[in-house]
file upload-v2.txt (compact mmCIF, C-alpha atoms and all ligand atoms)
# COMPACT_ATOMS: atom_id res chain seq x y z
CA MET A 644 21.33 -17.82 16.14
CA LYS A 645 21.46 -19.94 12.96
CA PRO A 646 17.97 -19.68 11.45
CA HIS A 647 16.97 -21.51 8.29
CA ILE A 648 15.23 -18.81 6.24
CA TYR A 649 13.15 -19.69 3.18
CA PHE A 650 12.74 -16.86 0.62
CA ASN A 651 10.20 -16.67 -2.23
CA SER A 652 9.40 -13.64 -4.37
CA ASN A 653 9.00 -12.83 -8.04
CA ILE A 654 9.69 -9.12 -7.45
CA ASP A 655 12.43 -8.96 -4.78
CA SER A 656 16.08 -9.89 -5.26
CA PRO A 657 17.00 -13.05 -3.29
CA ASP A 658 20.69 -12.11 -3.47
CA GLU A 659 20.20 -8.61 -2.08
CA TRP A 660 18.07 -10.04 0.71
CA LYS A 661 20.65 -12.73 1.42
CA ALA A 662 23.37 -10.08 1.75
CA ALA A 663 21.20 -7.92 4.01
CA LEU A 664 20.07 -10.80 6.25
CA SER A 665 23.56 -12.23 6.61
CA GLN A 666 24.56 -8.96 8.34
CA HIS A 667 22.19 -10.05 11.12
CA PHE A 668 22.61 -13.84 10.90
CA PRO A 669 26.10 -14.65 9.49
CA ASP A 670 25.55 -18.41 10.00
CA MET A 671 22.02 -18.63 8.63
CA LYS A 672 20.86 -21.26 6.14
CA TYR A 673 19.07 -19.63 3.19
CA SER A 674 16.83 -21.42 0.68
CA VAL A 675 15.22 -19.77 -2.33
CA GLY A 676 12.48 -20.55 -4.84
CA GLU A 677 9.69 -22.99 -5.52
CA VAL A 678 11.59 -26.09 -4.38
CA CYS A 679 13.04 -26.16 -0.86
CA GLU A 680 15.34 -29.13 -0.23
CA ASP A 681 14.97 -29.42 3.52
CA PRO A 682 11.57 -27.87 4.32
CA GLU A 683 11.33 -29.48 7.77
CA SER A 684 14.28 -27.46 9.04
CA VAL A 685 12.93 -24.09 7.85
CA ASP A 686 12.27 -21.70 10.76
CA VAL A 687 10.91 -18.67 8.93
CA ALA A 688 9.37 -18.10 5.47
CA LEU A 689 10.07 -14.62 4.05
CA VAL A 690 7.76 -14.29 1.06
CA TRP A 691 5.99 -11.93 -1.32
CA LYS A 692 4.06 -14.90 -2.74
CA LEU A 693 3.72 -18.39 -1.34
CA PRO A 694 5.21 -21.24 -3.38
CA ASN A 695 2.63 -23.00 -5.58
CA ARG A 696 2.50 -26.08 -3.35
CA GLY A 697 2.06 -23.98 -0.19
CA LEU A 698 4.01 -24.45 3.01
CA SER A 699 2.54 -27.74 4.25
CA ASP A 700 5.98 -29.45 4.06
CA PHE A 701 7.43 -26.80 6.37
CA LYS A 702 6.55 -28.77 9.50
CA ASN A 703 8.55 -26.67 11.98
CA LEU A 704 7.76 -23.21 10.62
CA LYS A 705 7.66 -20.55 13.33
CA ALA A 706 6.61 -17.51 11.29
CA VAL A 707 5.59 -16.31 7.86
CA LEU A 708 6.94 -12.82 7.17
CA SER A 709 5.45 -10.86 4.28
CA LEU A 710 7.81 -8.95 2.01
CA GLY A 711 5.00 -6.42 1.59
CA ALA A 712 3.05 -4.16 3.92
CA GLY A 713 -0.03 -5.73 2.38
CA ILE A 714 -0.70 -9.45 2.81
CA ASN A 715 -3.58 -9.99 0.37
CA GLN A 716 -1.15 -11.42 -2.23
CA LEU A 717 -0.69 -14.44 0.06
CA ASP A 718 -3.29 -17.07 -0.82
CA PRO A 719 -5.17 -17.69 2.48
CA GLU A 720 -5.82 -21.32 1.45
CA LYS A 721 -2.07 -21.94 1.37
CA LEU A 722 -1.19 -20.10 4.58
CA PRO A 723 -0.47 -22.58 7.38
CA ARG A 724 -2.94 -22.25 10.23
CA ASN A 725 -1.42 -21.64 13.69
CA VAL A 726 1.75 -20.09 12.27
CA PRO A 727 1.87 -16.33 12.94
CA LEU A 728 2.02 -13.97 9.95
CA ALA A 729 3.55 -10.48 10.02
CA ARG A 730 3.48 -7.69 7.46
CA LEU A 731 6.47 -5.57 6.53
CA VAL A 732 7.22 -2.26 8.18
CA ASP A 733 10.27 -0.51 6.79
CA ASP A 734 11.58 3.05 6.89
CA SER A 735 12.34 3.19 3.17
CA LEU A 736 8.86 1.87 2.34
CA THR A 737 7.24 4.52 4.55
CA GLN A 738 9.42 7.33 3.17
CA THR A 739 8.78 6.41 -0.47
CA MET A 740 5.03 6.14 0.18
CA ILE A 741 5.13 9.62 1.73
CA GLU A 742 7.05 10.98 -1.27
CA TYR A 743 4.59 9.47 -3.74
CA ALA A 744 1.57 10.81 -1.83
CA LYS A 745 3.13 14.28 -1.65
CA ALA A 746 4.11 14.30 -5.34
CA ALA A 747 0.62 13.25 -6.46
CA THR A 748 -1.09 15.65 -4.03
CA PHE A 749 1.02 18.66 -5.05
CA ARG A 750 0.43 17.80 -8.72
CA TYR A 751 -3.32 18.22 -8.21
CA HIS A 752 -3.05 21.06 -5.70
CA ARG A 753 -0.87 23.16 -8.08
CA LYS A 754 -2.90 21.99 -11.11
CA PHE A 755 0.08 20.44 -12.91
CA HIS A 756 -2.33 17.82 -14.31
CA LEU A 757 -4.14 20.66 -16.10
CA PHE A 758 -0.95 22.46 -17.13
CA GLU A 759 0.41 19.17 -18.57
CA ARG A 760 -2.65 19.05 -20.81
CA GLN A 761 -2.39 22.75 -21.72
CA SER A 762 1.30 22.30 -22.45
CA ARG A 763 0.61 19.46 -24.89
CA GLU A 764 -1.96 21.71 -26.61
CA ALA A 765 0.33 24.81 -26.70
CA GLN A 766 -2.20 26.65 -24.56
CA TRP A 767 -1.07 29.59 -22.36
CA THR A 768 -3.97 29.97 -19.90
CA PHE A 769 -3.63 31.33 -16.37
CA LEU A 770 -5.20 29.11 -13.71
CA PRO A 771 -5.25 30.57 -10.20
CA ALA A 772 -3.43 28.81 -7.33
CA THR A 773 -4.85 28.21 -3.87
CA LEU A 774 -2.98 27.86 -0.60
CA ALA A 775 -2.29 24.39 0.81
CA ARG A 776 -4.41 25.19 3.85
CA ASP A 777 -7.42 25.60 1.54
CA THR A 778 -6.99 22.13 0.02
CA VAL A 779 -8.54 19.31 2.04
CA VAL A 780 -6.76 15.97 1.67
CA GLY A 781 -8.60 12.91 3.02
CA VAL A 782 -6.54 9.80 3.72
CA LEU A 783 -8.31 6.42 3.82
CA GLY A 784 -6.40 4.30 6.36
CA LEU A 785 -4.50 5.79 9.28
CA GLY A 786 -2.14 2.88 9.97
CA GLU A 787 1.62 2.69 9.60
CA LEU A 788 1.58 4.23 6.11
CA GLY A 789 -1.65 6.25 6.02
CA GLY A 790 -0.82 7.79 9.40
CA ALA A 791 2.67 8.82 8.22
CA ILE A 792 1.27 10.22 4.95
CA ALA A 793 -1.44 12.21 6.76
CA LYS A 794 1.10 13.66 9.18
CA SER A 795 3.57 14.68 6.48
CA LEU A 796 0.84 16.35 4.38
CA ALA A 797 -0.32 18.26 7.45
CA GLU A 798 3.30 19.40 7.93
CA GLU A 799 3.18 20.73 4.35
CA GLY A 800 0.23 22.90 5.40
CA PHE A 801 -2.65 20.92 3.87
CA ASP A 802 -5.95 20.63 5.71
CA VAL A 803 -5.80 16.87 6.38
CA ALA A 804 -8.54 14.44 7.34
CA GLY A 805 -8.19 10.70 7.87
CA TRP A 806 -10.50 7.70 8.07
CA SER A 807 -9.90 4.47 9.96
CA ARG A 808 -11.91 1.45 11.11
CA THR A 809 -11.66 2.32 14.80
CA PRO A 810 -11.85 5.90 16.13
CA LYS A 811 -8.47 7.63 16.47
CA HIS A 812 -6.99 10.83 17.75
CA VAL A 813 -4.12 12.16 15.65
CA ASP A 814 -2.64 15.63 16.25
CA ALA A 815 -3.48 18.15 13.49
CA ILE A 816 -5.68 15.65 11.59
CA ALA A 817 -9.48 15.61 11.55
CA THR A 818 -10.27 11.96 12.14
CA TYR A 819 -13.31 9.96 11.07
CA SER A 820 -14.41 6.34 11.36
CA GLY A 821 -17.35 4.19 10.32
CA LYS A 822 -19.71 4.57 7.36
CA ASP A 823 -21.16 7.91 8.46
CA GLY A 824 -17.68 9.21 9.20
CA LEU A 825 -16.64 8.37 5.65
CA SER A 826 -19.58 10.31 4.13
CA ASP A 827 -18.82 13.31 6.33
CA MET A 828 -15.16 13.27 5.35
CA LEU A 829 -15.75 12.79 1.62
CA ALA A 830 -18.26 15.65 1.44
CA CYS A 831 -15.50 18.20 2.11
CA THR A 832 -12.41 16.49 0.65
CA ASP A 833 -10.63 17.78 -2.47
CA ILE A 834 -8.04 15.00 -2.81
CA VAL A 835 -8.71 11.45 -1.58
CA ILE A 836 -5.72 9.18 -0.95
CA ASN A 837 -6.42 5.46 -0.48
CA VAL A 838 -3.92 3.54 1.68
CA LEU A 839 -6.27 0.89 3.04
CA PRO A 840 -5.41 -2.80 3.25
CA LEU A 841 -7.45 -5.04 0.95
CA THR A 842 -9.96 -6.95 3.09
CA ASP A 843 -13.52 -8.24 2.68
CA ASP A 844 -14.71 -4.87 4.04
CA THR A 845 -12.59 -2.67 1.79
CA ARG A 846 -12.74 -4.58 -1.51
CA SER A 847 -14.41 -2.38 -4.20
CA ILE A 848 -14.78 0.49 -1.72
CA LEU A 849 -13.90 3.03 -4.43
CA ASN A 850 -17.17 2.54 -6.29
CA LEU A 851 -19.97 4.73 -7.66
CA GLU A 852 -21.63 5.07 -4.26
CA PHE A 853 -18.30 6.31 -2.87
CA PHE A 854 -17.70 8.75 -5.76
CA VAL A 855 -21.20 10.19 -5.43
CA GLN A 856 -20.41 11.07 -1.81
CA CYS A 857 -17.22 12.89 -2.84
CA LYS A 858 -17.10 16.65 -3.23
CA ARG A 859 -17.75 17.40 -6.93
CA GLY A 860 -14.46 17.61 -8.82
CA ALA A 861 -12.44 15.66 -6.23
CA CYS A 862 -9.23 13.90 -7.30
CA ILE A 863 -8.44 10.30 -6.34
CA ILE A 864 -5.02 8.80 -5.56
CA ASN A 865 -5.09 5.00 -5.18
CA MET A 866 -1.97 3.68 -3.44
CA GLY A 867 -3.70 0.69 -1.81
CA ARG A 868 -4.64 -2.20 -4.05
CA GLY A 869 -6.25 -2.45 -7.49
CA HIS A 870 -9.22 -4.38 -6.10
CA HIS A 871 -10.18 -1.40 -3.93
CA LEU A 872 -11.33 0.31 -7.13
CA VAL A 873 -14.23 -0.52 -9.44
CA ASP A 874 -12.64 0.56 -12.72
CA ALA A 875 -15.89 1.13 -14.65
CA ASP A 876 -17.30 3.24 -11.80
CA LEU A 877 -14.27 5.52 -11.84
CA LEU A 878 -14.60 6.02 -15.60
CA ALA A 879 -18.33 6.79 -15.21
CA ALA A 880 -17.66 9.24 -12.34
CA ILE A 881 -15.01 11.03 -14.45
CA ASP A 882 -17.34 11.17 -17.47
CA ALA A 883 -20.02 12.70 -15.24
CA GLY A 884 -17.57 15.34 -13.94
CA GLN A 885 -18.07 14.09 -10.39
CA ILE A 886 -14.42 13.00 -10.18
CA GLN A 887 -11.90 15.28 -11.87
CA ALA A 888 -8.84 13.06 -12.13
CA ALA A 889 -7.14 9.98 -10.70
CA THR A 890 -3.63 8.72 -10.01
CA LEU A 891 -3.53 4.93 -9.88
CA ASP A 892 -0.46 3.09 -8.64
CA VAL A 893 -2.17 -0.28 -8.42
CA ALA A 894 -4.45 -2.25 -10.74
CA THR A 895 -6.75 -5.25 -10.54
CA VAL A 896 -4.49 -6.97 -13.08
CA GLU A 897 -0.80 -6.06 -12.91
CA PRO A 898 0.72 -5.19 -15.33
CA LEU A 899 -2.34 -3.25 -16.48
CA PRO A 900 -3.33 -4.88 -19.83
CA PRO A 901 -2.46 -2.81 -22.95
CA ALA A 902 -6.12 -2.44 -24.01
CA HIS A 903 -7.30 -1.13 -20.63
CA PRO A 904 -9.18 2.20 -20.92
CA PHE A 905 -7.06 3.75 -18.14
CA TRP A 906 -4.07 3.87 -20.51
CA GLY A 907 -4.00 7.20 -22.35
CA HIS A 908 -7.08 8.51 -20.52
CA PRO A 909 -6.64 12.30 -20.25
CA ALA A 910 -7.76 12.40 -16.61
CA ILE A 911 -5.86 9.33 -15.38
CA LEU A 912 -2.21 8.86 -14.51
CA VAL A 913 -1.08 5.24 -14.15
CA THR A 914 2.13 4.29 -12.37
CA PRO A 915 3.39 0.67 -12.24
CA HIS A 916 3.01 -0.14 -8.51
CA VAL A 917 6.00 1.95 -7.52
CA ALA A 918 4.60 4.08 -4.69
CA GLY A 919 6.34 2.19 -1.89
CA ILE A 920 9.77 0.71 -2.41
CA SER A 921 11.50 -1.16 0.38
CA THR A 922 15.25 -1.70 0.30
CA PRO A 923 16.53 -5.01 1.74
CA GLU A 924 19.21 -3.17 3.71
CA THR A 925 16.67 -1.18 5.78
CA ALA A 926 13.84 -3.72 5.72
CA ALA A 927 16.14 -6.48 6.99
CA ILE A 928 16.37 -4.60 10.30
CA THR A 929 12.70 -5.14 11.20
CA VAL A 930 12.64 -8.55 9.53
CA ALA A 931 15.65 -9.69 11.61
CA GLN A 932 13.91 -8.49 14.78
CA ASN A 933 10.88 -10.60 13.87
CA ILE A 934 13.04 -13.64 13.06
CA ARG A 935 14.57 -13.37 16.55
CA ARG A 936 11.10 -13.07 18.07
CA ALA A 937 9.93 -16.15 16.15
CA LEU A 938 12.95 -18.19 17.26
CA ASN A 939 12.38 -17.12 20.87
CA GLY A 940 8.70 -18.04 20.69
CA GLU A 941 7.66 -14.40 21.22
CA GLU A 942 4.75 -12.59 19.58
CA LEU A 943 5.72 -11.01 16.25
CA ALA A 944 5.77 -7.28 15.68
CA GLN A 945 3.19 -6.13 13.07
CA GLN A 946 1.44 -9.48 13.48
CA VAL A 947 -1.57 -9.80 11.19
CA ASP A 948 -4.97 -10.44 12.75
CA ILE A 949 -6.24 -12.98 10.22
CA SER A 950 -9.86 -12.58 11.35
CA ARG A 951 -9.91 -8.86 10.47
CA GLY A 952 -7.75 -9.36 7.36
CA TYR A 953 -4.88 -6.96 8.09
P1 LIG A 1001 -1.88 -0.88 8.58
O1 LIG A 1001 -0.81 -0.28 9.43
O2 LIG A 1001 -2.40 -2.23 8.91
O3 LIG A 1001 -3.08 0.18 8.58
C1 LIG A 1001 -4.33 -0.09 8.00
C2 LIG A 1001 -5.26 1.09 8.25
O4 LIG A 1001 -6.46 0.87 7.51
C3 LIG A 1001 -5.66 1.23 9.73
O5 LIG A 1001 -5.75 2.59 10.09
C4 LIG A 1001 -7.04 0.57 9.76
O6 LIG A 1001 -7.91 1.06 10.77
C5 LIG A 1001 -7.57 0.99 8.40
N1 LIG A 1001 -8.66 0.10 7.98
C6 LIG A 1001 -8.64 -1.25 7.78
N2 LIG A 1001 -9.86 -1.69 7.45
C7 LIG A 1001 -10.68 -0.61 7.44
C8 LIG A 1001 -12.07 -0.42 7.19
N3 LIG A 1001 -12.88 -1.45 6.88
N4 LIG A 1001 -12.57 0.83 7.30
C9 LIG A 1001 -11.77 1.89 7.62
N5 LIG A 1001 -10.44 1.77 7.88
C10 LIG A 1001 -9.91 0.54 7.78
O7 LIG A 1001 -1.41 -0.95 7.06
P2 LIG A 1001 -0.25 -0.11 6.32
O8 LIG A 1001 1.08 -0.64 6.66
O9 LIG A 1001 -0.52 1.33 6.56
O10 LIG A 1001 -0.53 -0.51 4.80
C11 LIG A 1001 -1.76 -0.19 4.18
C12 LIG A 1001 -1.83 -0.74 2.77
O11 LIG A 1001 -1.04 0.05 1.86
C13 LIG A 1001 -1.30 -2.15 2.54
O12 LIG A 1001 -2.18 -3.13 3.01
C14 LIG A 1001 -1.17 -2.17 1.02
O13 LIG A 1001 -2.41 -2.52 0.45
C15 LIG A 1001 -0.87 -0.72 0.67
N6 LIG A 1001 0.52 -0.56 0.18
C16 LIG A 1001 0.73 -0.18 -1.10
C17 LIG A 1001 2.00 0.02 -1.57
C18 LIG A 1001 2.25 0.48 -2.97
O14 LIG A 1001 3.41 0.47 -3.42
N7 LIG A 1001 1.27 0.93 -3.71
C19 LIG A 1001 3.10 -0.19 -0.73
C20 LIG A 1001 2.86 -0.58 0.58
C21 LIG A 1001 1.56 -0.77 1.03
P3 LIG A 1001 -7.57 0.87 12.35
O15 LIG A 1001 -6.45 1.88 12.60
O16 LIG A 1001 -8.81 1.24 13.02
O17 LIG A 1001 -7.11 -0.55 12.53
C1 LIG A 1002 3.43 -3.24 -1.66
O1 LIG A 1002 2.50 -3.08 -2.35
C2 LIG A 1002 3.35 -3.64 -0.29
O2 LIG A 1002 2.29 -4.12 0.15
O3 LIG A 1002 4.36 -3.49 0.43
call {"tool": "encode", "arguments": {"input": "upload-v2.txt", "output": "structure tokens"}}
result
Amino acid sequence: MKPHIYFNSNIDSPDEWKAALSQHFPDMKYSVGEVCEDPESVDVALVWKLPNRGLSDFKNLKAVLSLGAGINQLDPEKLPRNVPLARLVDDSLTQTMIEYAKAATFRYHRKFHLFERQSREAQWTFLPATLARDTVVGVLGLGELGGAIAKSLAEEGFDVAGWSRTPKHVDAIATYSGKDGLSDMLACTDIVINVLPLTDDTRSILNLEFFVQCKRGACIINMGRGHHLVDADLLAAIDAGQIQAATLDVATVEPLPPAHPFWGHPAILVTPHVAGISTPETAAITVAQNIRRALNGEELAQQVDISRGY
């Protein structure tokens, strides 16, 4: 197979991706950047963002493959209709998301966020520990990433609950769905981890109404998207003592602007969208499978259902 692959990203290395993809397609044609010289011969667009002028010149495109698990960064107005879109699934992305979720969860569970503050203030104060089985972790989203995170936290001994759009059965996880399911889950959850996709239904879901339903003193870990969170509502919920602390990997504006009140806030830890890192070497395996499917006219793996938004 000699696919013509078009690559566009402001955060991924085109050279590393070229090296990884050429292991699978030694004779491929590879075009990079805003201007593509022969758009009509492009078979597959591999993109984090779409080029400014969209893909309308790519008349024979067979698939758009996202370089992210999320697809909300792709402007829907510029996505060609009738060309299938797939999101990224990659072992290294899943493993790094699991690591981040575990690190942030253990930090709250073992009260490191409080000891960090005490340490800065030269304060030697004993705070009792609890067992993992007595800490309830609620995961919003039980898909590829949320499901793997929930499972790995359960393996660490936490009491894990998970919430999805459709009802699910997952071994060792208490599962919930729907609006009532969310209230029931939040009422008993100590640490909430958000790994939802950003859709019309989930935008601004982490708002005051949500925080009021949380167990008092719950901690929030947002690994989804910045637009899941209403920033002012989180600050108000922390001021009211309803929410104890938050770890935020994503922001409505990235990089988070220097004057944003999250910076330096004693109860908030900001990380610069680093929770999930995919390496071209591993990710190219699933991407290459999808390129073959596209060239063979087969349905893509991890194909996005545009009507539901993920
Ligand atoms: P996925 O496999 O598509 O799973 C999405 C999950 O969310 C599914 O369980 C789905 O429910 C649930 N869901 C969707 N809409 C819902 C709603 N309205 N109410 C309740 N549950 C809903 O996605 P994924 O691969 O796990 O990725 C999830 C997200 O993680 C991405 O979209 C991205 O935003 C984020 N992400 C962040 C980073 C980072 O570095 N911070 C890295 C990668 C991904 P069903 O099971 O019922 O369909
Ligand atoms: C990163 O945020 C991704 O969606 O993969």
call {"tool": "axis_aligned_box", "arguments": {"input": "upload-v2.txt", "around": "region 787-806 of chain A", "padding_each_side": "3 Å", "output": "JSON"}}
result
{"center_x": -3.5, "center_y": 12.8, "center_z": 6.7, "size_x": 20.1, "size_y": 26.2, "size_z": 11.7}
call {"tool": "residues_near_ligand", "arguments": {"input": "upload-v2.txt", "ligand": "ligand LIG 1001 (chain A)", "cutoff": "7 Å", "atoms": "all atoms listed in the file", "output": "MDAnalysis selection string"}}
result
chainID A and resid 711:714 732 736 740 783:789 806:810 820:821 838:842 844:845 866:868 892:893 916:920 953
call {"tool": "write_last_selection", "arguments": {"input": "upload-v2.txt", "atoms": "C-alpha atoms", "output": "compact mmCIF listing (two decimals), in the frame of the given file"}}
result
# COMPACT_ATOMS: atom_id res chain seq x y z
CA GLY A 711 5.00 -6.42 1.59
CA ALA A 712 3.05 -4.16 3.92
CA GLY A 713 -0.03 -5.73 2.38
CA ILE A 714 -0.70 -9.45 2.81
CA VAL A 732 7.22 -2.26 8.18
CA LEU A 736 8.86 1.87 2.34
CA MET A 740 5.03 6.14 0.18
CA LEU A 783 -8.31 6.42 3.82
CA GLY A 784 -6.40 4.30 6.36
CA LEU A 785 -4.50 5.79 9.28
CA GLY A 786 -2.14 2.88 9.97
CA GLU A 787 1.62 2.69 9.60
CA LEU A 788 1.58 4.23 6.11
CA GLY A 789 -1.65 6.25 6.02
CA TRP A 806 -10.50 7.70 8.07
CA SER A 807 -9.90 4.47 9.96
CA ARG A 808 -11.91 1.45 11.11
CA THR A 809 -11.66 2.32 14.80
CA PRO A 810 -11.85 5.90 16.13
CA SER A 820 -14.41 6.34 11.36
CA GLY A 821 -17.35 4.19 10.32
CA VAL A 838 -3.92 3.54 1.68
CA LEU A 839 -6.27 0.89 3.04
CA PRO A 840 -5.41 -2.80 3.25
CA LEU A 841 -7.45 -5.04 0.95
CA THR A 842 -9.96 -6.95 3.09
CA ASP A 844 -14.71 -4.87 4.04
CA THR A 845 -12.59 -2.67 1.79
CA MET A 866 -1.97 3.68 -3.44
CA GLY A 867 -3.70 0.69 -1.81
CA ARG A 868 -4.64 -2.20 -4.05
CA ASP A 892 -0.46 3.09 -8.64
CA VAL A 893 -2.17 -0.28 -8.42
CA HIS A 916 3.01 -0.14 -8.51
CA VAL A 917 6.00 1.95 -7.52
CA ALA A 918 4.60 4.08 -4.69
CA GLY A 919 6.34 2.19 -1.89
CA ILE A 920 9.77 0.71 -2.41
CA TYR A 953 -4.88 -6.96 8.09
call {"tool": "residues_near_point", "arguments": {"input": "upload-v2.txt", "point": "(-10.4, 13.5, -16.5)", "cutoff": "6 Å", "atoms": "only C-alpha atoms", "output": "list in words"}}
result
Ile881, Gln887, Ala888, Pro909 and Ala910 of chain A
call {"tool": "atom_distance", "arguments": {"input": "upload-v2.txt", "atom1": "CA of Ile863 (chain A)", "atom2": "CA of Ile834 (chain A)"}}
result
5.9 Å
call {"tool": "closest_residue", "arguments": {"input": "upload-v2.txt", "among": "A:Gly884, A:Gly869, A:Gly940, A:Gly805", "to": "ligand LIG 1002 (chain A)", "atoms": "all atoms listed in the file"}}
result
A:Gly869
call {"tool": "atom_distance", "arguments": {"input": "upload-v2.txt", "atom1": "CA of Pro771 (chain A)", "atom2": "CA of Ala815 (chain A)"}}
result
26.8 Å
call {"tool": "residues_near_point", "arguments": {"input": "upload-v2.txt", "point": "(5.2, -18.3, -0.4)", "cutoff": "9 Å", "atoms": "all atoms listed in the file", "output": "PyMOL selection string"}}
result
chain A and resi 649-652+676-677+688-698+707+709+717-718+721-722
call {"tool": "atom_distance", "arguments": {"input": "upload-v2.txt", "atom1": "CA of His647 (chain A)", "atom2": "CA of Ile934 (chain A)"}}
result
10.0 Å
call {"tool": "closest_residue", "arguments": {"input": "upload-v2.txt", "among": "A:Asn703, A:Thr768, A:Gln856, A:Ser921", "to": "ligand LIG 1002 (chain A)", "atoms": "all atoms listed in the file"}}
result
A:Ser921
call {"tool": "residues_around", "arguments": {"input": "upload-v2.txt", "residues": "Cys831 (chain A)", "least_positions_apart": "2", "cutoff": "9 Å", "atoms": "all atoms listed in the file", "output": "ChimeraX atom specification"}}
result
/A:779,781,827-829,833,857-858
call {"tool": "closest_residue", "arguments": {"input": "upload-v2.txt", "among": "A:Ser684, A:Thr778, A:Thr922, A:Gln932", "to": "ligand LIG 1002 (chain A)", "atoms": "all atoms listed in the file"}}
result
A:Thr922
